[in-house]
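Below is one structure; the comments refer to it alone.
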Amino acid sequence: MPGLSIALVHRDSVIWRGGIGVVDRVTKEPVSQTDLFRIGSITKTFTSLAVQRLIKEGKFSLDSKLLALAPEVPFENVWEAEAPVRVINLLEHTAGFDDMHLNAFINDTGKKIPVLEEVLIHKKALHSRWKPGTRHSYSNPGYVVLGFLIEKYSGMPYEDYILKQIILPLKMTHTNFDYTLEPPYSKGYSYDGKYHESAPVMINGRAAGAISSCSEDMARYILMFLNEGQLDSSKIVSPAALIDMEHQHSTLRAINGLTYGYGLGLSTKLSGSDKNKKHFFGHDGGMVGFSSDLNYSRELGVGFFISNNGEAGNHKITDLITEFLVNYAPSDLPMTKKLNKEKIKTWLGYYKRNNSRNEIIKCVDDLLSSRTLFVENDTLFTAAFLQKKEALIPVGEVQFRKYNQPIATSILVEDNGKPVLFVGENYYEKVPPIPYNINRAIILGALSFGSISVILSIVWIILFCTKRITGRALMNRSVATCAFLSFIMMLTPFILSVNLKNIQNFSSVNGWTLTILMGSILLPFLSFWSLYRSIGVWKSTRNKILRCFQVINAACLSYFSIYLAVYGWFAIRIWTY
């Protein structure tokens, strides 16, 4: 992290505000309390406050239907008749919308575009993947839609309304929506062994993450939250509305009594030492070159803001700051209940997660994001795939916390009569373990055998060069290797480009996106060709181990290519996804 902007706040005073490090690695200019850092998704808290004010003005309500409010927004929801998308679903990320598609993230026009046009850019993400109001899945496009509602029902541009109703009344005199590399803006960087200076890009979604601010202004912003939505003579939101913002309302976990989670633009956050976690509300934010956190606790009367200009995670720093601010506050863990084994026995078993944030990587989530729920020695445990088991301590019949958590974060519910486990915001549905793990084993087998075939192909090439095998034999043996390398060809540019620094690679036809396209076509073609040839030369292959390996490798790769195709990874054109 080249620099940090920090504000530490008590409900009746600012403890400290300022910075550490530099805003520019060349000039070595130190971070000051007025240097602007991009706060990313903390912008969503401003958007939510604006929505609360429009609700108070009677423009609409939390239960207002999006279809009625904005028929010009092109969303899809097959459950609209029974479970319409409402304002509350947009605020709590429970509409089931996908997150920003990778080619729609960056605004590369060089100018601001109308808010409705921003919404239309995210059209492909605006489809409900499950019944709205059942589970949470973070969706920036939902907040882009809220920005349009603010503009439509306030009668003024989104930025102007935020400035007039929130920023100026709180006397946040430096905060704004523009970003350049010129002072007082900090330069943003990313680090992968060396520093890369980030360009001052705009995103397609100002209401989701476009604000820049400083420690001086964010200290005042936190004071507003700590003082029941008011600062000095400016009342931004009522205490009742603030409580609503802090709690979740529109998920199965909330309906069943677990209201701590992502609420109306504010999220439950647990921070502090491993043995003394404290419950805060707030939001974090990642933006090209920056990473930020806003945490506050009205109960403890403290809050803080930090932002670094190195795009690095703040977790260790937020824990240290929490310990500094609340070291006088003793741990107050909820009273433990006796585990009702009869009540929970229906839920014991195997689960897979089904609330992927990005639909494009759901194939990975469905493969790896699983966990078991079981009882040992009268204690309920959960164990995620390839991770150690964790005890779930009951604080109610179906509500549980981890050993160091001051609140319940897990709950057992039913969704249409089917057992569902919520761990944090993650929605896990119960699945039969045998077919699920057979599917996983075949795919992991494809990756393992494919890796081995690459090594063997080197040996086969040497044997060919020394004329110990024919060119035809080399070709028969190496087709599967080429199929596996096609997968690597598809995967590598995707991984290298999916970070914020390179995400603009997905927005056009270029070497990166064409490589992904070609890899996604060659993988199934070469896999099935390999299977065909390996079966065809079965009798002529003298080495039984080799011929079994070739058939199994080709079969696993063919299955893997089908698996990826089902999830949309065949002939995928990222630039139009």
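By convention in this document, the chains of the structure tokens carry letters A, B, ... by their order, each chain's residues are numbered from 1, and ligands are numbered from 1 in the order they are shown.
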
Enumerate the residues of segment 308-512 of chain A with a DSSP assignment of helix (DSSP H, G or I), computed from the backbone, and present them as a PyMOL selection string.
-> chain A and resi 315-326+341-347+359-368+433-465+471-497+503-507+511-512

Write out as a PyMOL selection string each polymer residue whose atoms come within 8 Å of segment 330-345 of chain A, counting only C-alpha atoms; drop sequence neighbours fewer than 4 positions from it.
-> chain A and resi 276-278+378-380+393-398+404-407+412

Looking at only C-alpha atoms, which of A:Leu116, A:Met1, A:Leu367, A:Cys465 is the one that sits closest to Tyr563 of chain A?
->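 Looking only at the distances to Tyr563 of chain A, the closest residue turns out to be A:Leu367.
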
Expected answer as number ranges by chain: strand (DSSP E) residues in segment 398-454 of chain A | A: 399-401, 410-415, 418-423, 426-430

Those same residues, written as a compact mmCIF listing (two decimals), in the first residue's frame with N, CA and C atoms?
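Result file is out00.txt:
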```
# COMPACT_ATOMS: atom_id res chain seq x y z
N GLN A 399 -30.67 -21.17 14.78
CA GLN A 399 -29.72 -20.10 14.55
C GLN A 399 -28.41 -20.40 15.28
N PHE A 400 -27.29 -20.08 14.60
CA PHE A 400 -25.99 -20.49 15.13
C PHE A 400 -24.95 -19.39 14.89
N ARG A 401 -23.93 -19.40 15.74
CA ARG A 401 -22.78 -18.52 15.58
C ARG A 401 -21.51 -19.34 15.64
N SER A 410 -25.44 -17.98 11.00
CA SER A 410 -25.90 -19.15 10.24
C SER A 410 -27.30 -19.53 10.70
N ILE A 411 -28.08 -20.08 9.76
CA ILE A 411 -29.45 -20.46 10.09
C ILE A 411 -29.89 -21.58 9.16
N LEU A 412 -30.77 -22.44 9.69
CA LEU A 412 -31.37 -23.52 8.91
C LEU A 412 -32.81 -23.12 8.56
N VAL A 413 -33.15 -23.16 7.27
CA VAL A 413 -34.49 -22.78 6.83
C VAL A 413 -34.95 -23.80 5.79
N GLU A 414 -36.17 -23.60 5.32
CA GLU A 414 -36.70 -24.40 4.22
C GLU A 414 -37.06 -23.48 3.07
N ASP A 415 -36.81 -23.96 1.86
CA ASP A 415 -37.18 -23.24 0.65
C ASP A 415 -38.04 -24.19 -0.19
N LYS A 418 -37.59 -27.71 0.94
CA LYS A 418 -36.27 -28.30 0.83
C LYS A 418 -35.33 -27.68 1.87
N PRO A 419 -34.49 -28.48 2.52
CA PRO A 419 -33.56 -27.95 3.53
C PRO A 419 -32.54 -27.00 2.89
N VAL A 420 -32.36 -25.87 3.54
CA VAL A 420 -31.38 -24.86 3.09
C VAL A 420 -30.56 -24.42 4.29
N LEU A 421 -29.26 -24.29 4.08
CA LEU A 421 -28.34 -23.81 5.11
C LEU A 421 -27.78 -22.47 4.66
N PHE A 422 -27.95 -21.44 5.49
CA PHE A 422 -27.30 -20.15 5.25
C PHE A 422 -26.07 -20.06 6.15
N VAL A 423 -24.91 -19.84 5.56
CA VAL A 423 -23.70 -19.53 6.31
C VAL A 423 -23.29 -18.14 5.87
N ASN A 426 -24.26 -16.77 2.28
CA ASN A 426 -24.23 -17.86 1.31
C ASN A 426 -25.38 -18.83 1.51
N TYR A 427 -26.06 -19.12 0.41
CA TYR A 427 -27.23 -19.99 0.38
C TYR A 427 -26.78 -21.37 -0.08
N TYR A 428 -26.91 -22.37 0.80
CA TYR A 428 -26.52 -23.73 0.46
C TYR A 428 -27.76 -24.61 0.39
N GLU A 429 -27.90 -25.33 -0.72
CA GLU A 429 -29.03 -26.25 -0.86
C GLU A 429 -28.54 -27.68 -0.72
N LYS A 430 -29.35 -28.50 -0.09
CA LYS A 430 -28.96 -29.89 0.18
C LYS A 430 -28.98 -30.69 -1.12
```

Between A:Ile562, A:Leu90, A:Leu231, A:Val431, which has the minimum distance to Leu126 of chain A (counting only C-alpha atoms)?
->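 With only C-alpha atoms as the atom set, the closest residue is A:Leu90.
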
Using only C-alpha atoms, the residue out of A:Lys56, A:Asn308, A:Gly261, A:Ile166 with shortest distance to Val22 of chain A is A:Asn308

Find the nearest atom pair between each residue of segment 501-531 of chain A and segment 548-552 of chain A for residues within 12 Å, count only C-alpha atoms, give distances in Å to one decimal, sort rows by chain and ascending number, and present the table as CSV.
```
residue,atom,partner,partner_atom,distance
A:Ser527,CA,A:Val551,CA,10.6
A:Phe528,CA,A:Val551,CA,10.7
A:Trp529,CA,A:Val551,CA,11.2
A:Ser530,CA,A:Val551,CA,8.2
A:Leu531,CA,A:Val551,CA,6.1
```

What's the 10 Å shell around Met518 of chain A, counting only C-alpha atoms, without same-chain residues fewer than 6 positions away, as a list of chain:residue names?
->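 The residues that qualify are A:Ser486, A:Phe487, A:Met489, A:Met490, A:Phe570, A:Ala571, A:Ile572, A:Arg573.
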
For N, CA, C and O atoms, I'd like the residues from the last selection saved as a compact mmCIF listing (two decimals), in the first residue's frame.
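Final file, part01.txt:
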```
# COMPACT_ATOMS: atom_id res chain seq x y z
N SER A 486 -5.76 -26.48 -24.64
CA SER A 486 -6.80 -25.55 -25.10
C SER A 486 -7.54 -24.95 -23.91
O SER A 486 -7.90 -23.77 -23.91
N PHE A 487 -7.77 -25.79 -22.89
CA PHE A 487 -8.39 -25.28 -21.67
C PHE A 487 -7.48 -24.25 -20.99
O PHE A 487 -7.95 -23.19 -20.56
N MET A 489 -5.28 -22.47 -22.49
CA MET A 489 -5.30 -21.31 -23.39
C MET A 489 -6.52 -20.43 -23.12
O MET A 489 -6.45 -19.21 -23.22
N MET A 490 -7.64 -21.04 -22.77
CA MET A 490 -8.86 -20.30 -22.46
C MET A 490 -8.79 -19.69 -21.06
O MET A 490 -9.19 -18.55 -20.84
N PHE A 570 -18.80 -22.56 -24.13
CA PHE A 570 -18.49 -23.07 -25.46
C PHE A 570 -18.63 -21.93 -26.46
O PHE A 570 -19.65 -21.25 -26.49
N ALA A 571 -17.58 -21.72 -27.24
CA ALA A 571 -17.57 -20.64 -28.25
C ALA A 571 -17.98 -19.32 -27.59
O ALA A 571 -18.78 -18.55 -28.14
N ILE A 572 -17.43 -19.06 -26.41
CA ILE A 572 -17.84 -17.88 -25.65
C ILE A 572 -17.17 -16.62 -26.18
O ILE A 572 -15.95 -16.57 -26.36
N ARG A 573 -17.98 -15.64 -26.47
CA ARG A 573 -17.48 -14.34 -26.93
C ARG A 573 -17.62 -13.36 -25.77
O ARG A 573 -18.66 -12.75 -25.58
```

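Contact shell of Phe225 of chain A at 8 Å (only C-alpha atoms; same-chain neighbours under 6 positions omitted): A:Leu242, A:Tyr296, A:Arg298.
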
Output for the residues just chosen: N, CA, C and O atoms as a PDB file, in the first residue's frame:
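Generated output (out.pdb):
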```
ATOM      1  N   LEU A 242     -32.679   4.482   9.665  1.00  0.00           N
ATOM      2  CA  LEU A 242     -31.306   4.004   9.823  1.00  0.00           C
ATOM      3  C   LEU A 242     -31.292   2.573  10.342  1.00  0.00           C
ATOM      4  O   LEU A 242     -30.510   1.732   9.875  1.00  0.00           O
ATOM      5  N   TYR A 296     -18.880   1.223  11.512  1.00  0.00           N
ATOM      6  CA  TYR A 296     -19.297   1.996  12.689  1.00  0.00           C
ATOM      7  C   TYR A 296     -20.183   1.136  13.580  1.00  0.00           C
ATOM      8  O   TYR A 296     -20.828   0.184  13.125  1.00  0.00           O
ATOM      9  N   ARG A 298     -23.007   2.049  16.545  1.00  0.00           N
ATOM     10  CA  ARG A 298     -23.703   3.021  17.410  1.00  0.00           C
ATOM     11  C   ARG A 298     -23.733   2.524  18.852  1.00  0.00           C
ATOM     12  O   ARG A 298     -23.730   3.315  19.788  1.00  0.00           O
TER      13      ARG A 298
END
```

Would you please work out which residue, of A:Ala384, A:Phe46, A:Asn358, A:Ile150, is nearest to Tyr577 of chain A when using only C-alpha atoms?
-> A:Asn358

Long-range neighbours of Val145 of chain A as a VMD selection string, 8 Å cut-off, only C-alpha atoms, 3 positions minimum in chain | chain A and resid 73 90 116 119 141 to 142 148 to 149

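Ranking A:Lys501, A:Lys389, A:Lys59, A:His127 by their shortest atom-to-atom distance to Glu359 of chain A, with only C-alpha atoms included, puts A:His127 first.
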
Just the residues within 10 Å of Leu223 of chain A, please, counting only C-alpha atoms, with nothing from its chain fewer than 3 positions along; format it as a ChimeraX atom specification.
-> /A:9-14,170,218-220,226-232,296,298,301-304

Could those selected residues go to a file with N, CA, C and O atoms, as a compact mmCIF listing (two decimals), in the first residue's frame?
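Result file part11.txt:
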```txt
# COMPACT_ATOMS: atom_id res chain seq x y z
N VAL A 9 -13.26 7.82 14.65
CA VAL A 9 -14.32 8.71 15.13
C VAL A 9 -15.01 8.15 16.36
O VAL A 9 -15.26 6.94 16.45
N HIS A 10 -15.29 9.03 17.32
CA HIS A 10 -16.18 8.75 18.44
C HIS A 10 -17.46 9.53 18.19
O HIS A 10 -17.45 10.53 17.46
N ARG A 11 -18.56 9.10 18.79
CA ARG A 11 -19.85 9.71 18.45
C ARG A 11 -19.89 11.23 18.70
O ARG A 11 -20.68 11.94 18.06
N ASP A 12 -19.03 11.74 19.59
CA ASP A 12 -19.08 13.18 19.85
C ASP A 12 -17.80 13.90 19.46
O ASP A 12 -17.62 15.07 19.79
N SER A 13 -16.90 13.20 18.74
CA SER A 13 -15.66 13.87 18.34
C SER A 13 -14.92 13.04 17.29
O SER A 13 -15.18 11.86 17.12
N VAL A 14 -14.00 13.72 16.63
CA VAL A 14 -13.10 13.02 15.71
C VAL A 14 -11.82 12.70 16.48
O VAL A 14 -11.15 13.61 16.98
N LEU A 170 -23.93 17.78 4.97
CA LEU A 170 -22.95 17.27 5.93
C LEU A 170 -21.62 18.02 5.87
O LEU A 170 -20.69 17.70 6.60
N MET A 218 -15.07 11.93 5.36
CA MET A 218 -15.64 10.66 5.81
C MET A 218 -15.78 10.61 7.32
O MET A 218 -16.64 9.90 7.85
N ALA A 219 -14.96 11.38 8.04
CA ALA A 219 -15.17 11.49 9.49
C ALA A 219 -16.53 12.09 9.79
O ALA A 219 -17.25 11.63 10.68
N ARG A 220 -16.90 13.12 9.05
CA ARG A 220 -18.22 13.73 9.24
C ARG A 220 -19.33 12.77 8.84
O ARG A 220 -20.40 12.72 9.46
N LEU A 226 -23.32 7.68 13.56
CA LEU A 226 -23.23 7.47 15.00
C LEU A 226 -24.22 8.32 15.78
O LEU A 226 -24.52 8.02 16.94
N ASN A 227 -24.75 9.36 15.16
CA ASN A 227 -25.70 10.26 15.83
C ASN A 227 -27.10 10.15 15.23
O ASN A 227 -27.77 11.15 14.98
N GLU A 228 -27.50 8.91 15.00
CA GLU A 228 -28.87 8.59 14.60
C GLU A 228 -29.31 9.27 13.30
O GLU A 228 -30.46 9.65 13.13
N GLY A 229 -28.37 9.41 12.34
CA GLY A 229 -28.72 9.97 11.04
C GLY A 229 -28.69 11.47 10.97
O GLY A 229 -29.17 12.06 9.99
N GLN A 230 -28.10 12.11 11.97
CA GLN A 230 -28.09 13.58 12.01
C GLN A 230 -26.70 14.09 12.38
O GLN A 230 -25.98 13.47 13.17
N LEU A 231 -26.32 15.22 11.81
CA LEU A 231 -25.06 15.88 12.17
C LEU A 231 -25.30 17.37 12.23
O LEU A 231 -25.79 17.97 11.26
N ASP A 232 -24.96 17.96 13.36
CA ASP A 232 -25.24 19.38 13.59
C ASP A 232 -26.73 19.60 13.39
O ASP A 232 -27.54 18.92 13.99
N TYR A 296 -18.88 1.22 11.51
CA TYR A 296 -19.30 2.00 12.69
C TYR A 296 -20.18 1.14 13.58
O TYR A 296 -20.83 0.18 13.13
N ARG A 298 -23.01 2.05 16.54
CA ARG A 298 -23.70 3.02 17.41
C ARG A 298 -23.73 2.52 18.85
O ARG A 298 -23.73 3.32 19.79
N GLY A 301 -20.36 3.36 19.99
CA GLY A 301 -20.11 4.79 19.81
C GLY A 301 -18.86 5.12 19.04
O GLY A 301 -18.33 6.23 19.17
N VAL A 302 -18.37 4.20 18.22
CA VAL A 302 -17.14 4.43 17.47
C VAL A 302 -17.31 3.99 16.02
O VAL A 302 -18.18 3.18 15.69
N GLY A 303 -16.45 4.56 15.17
CA GLY A 303 -16.44 4.16 13.78
C GLY A 303 -15.14 4.55 13.12
O GLY A 303 -14.35 5.33 13.69
N PHE A 304 -14.89 4.03 11.93
CA PHE A 304 -13.65 4.40 11.24
C PHE A 304 -13.81 4.21 9.74
O PHE A 304 -14.66 3.46 9.25
```

If you count only C-alpha atoms, which residues fall within 6 Å of Asn107 of chain A, apart from same-chain ones fewer than 2 positions away, as a ChimeraX atom specification?
-> /A:109,202-204

I need the residues from that last selection saved to file as a compact mmCIF listing (two decimals), in the first residue's frame (with N, CA and C atoms), if you can.
```txt
# COMPACT_ATOMS: atom_id res chain seq x y z
N THR A 109 -15.82 5.67 -22.98
CA THR A 109 -16.21 6.72 -23.94
C THR A 109 -15.49 8.03 -23.68
N MET A 202 -13.57 5.56 -15.66
CA MET A 202 -14.93 5.71 -15.16
C MET A 202 -15.61 4.35 -15.28
N ILE A 203 -16.57 4.09 -14.39
CA ILE A 203 -17.32 2.84 -14.46
C ILE A 203 -18.72 3.12 -14.99
N ASN A 204 -19.34 2.09 -15.52
CA ASN A 204 -20.73 2.19 -15.96
C ASN A 204 -21.64 1.92 -14.77
```
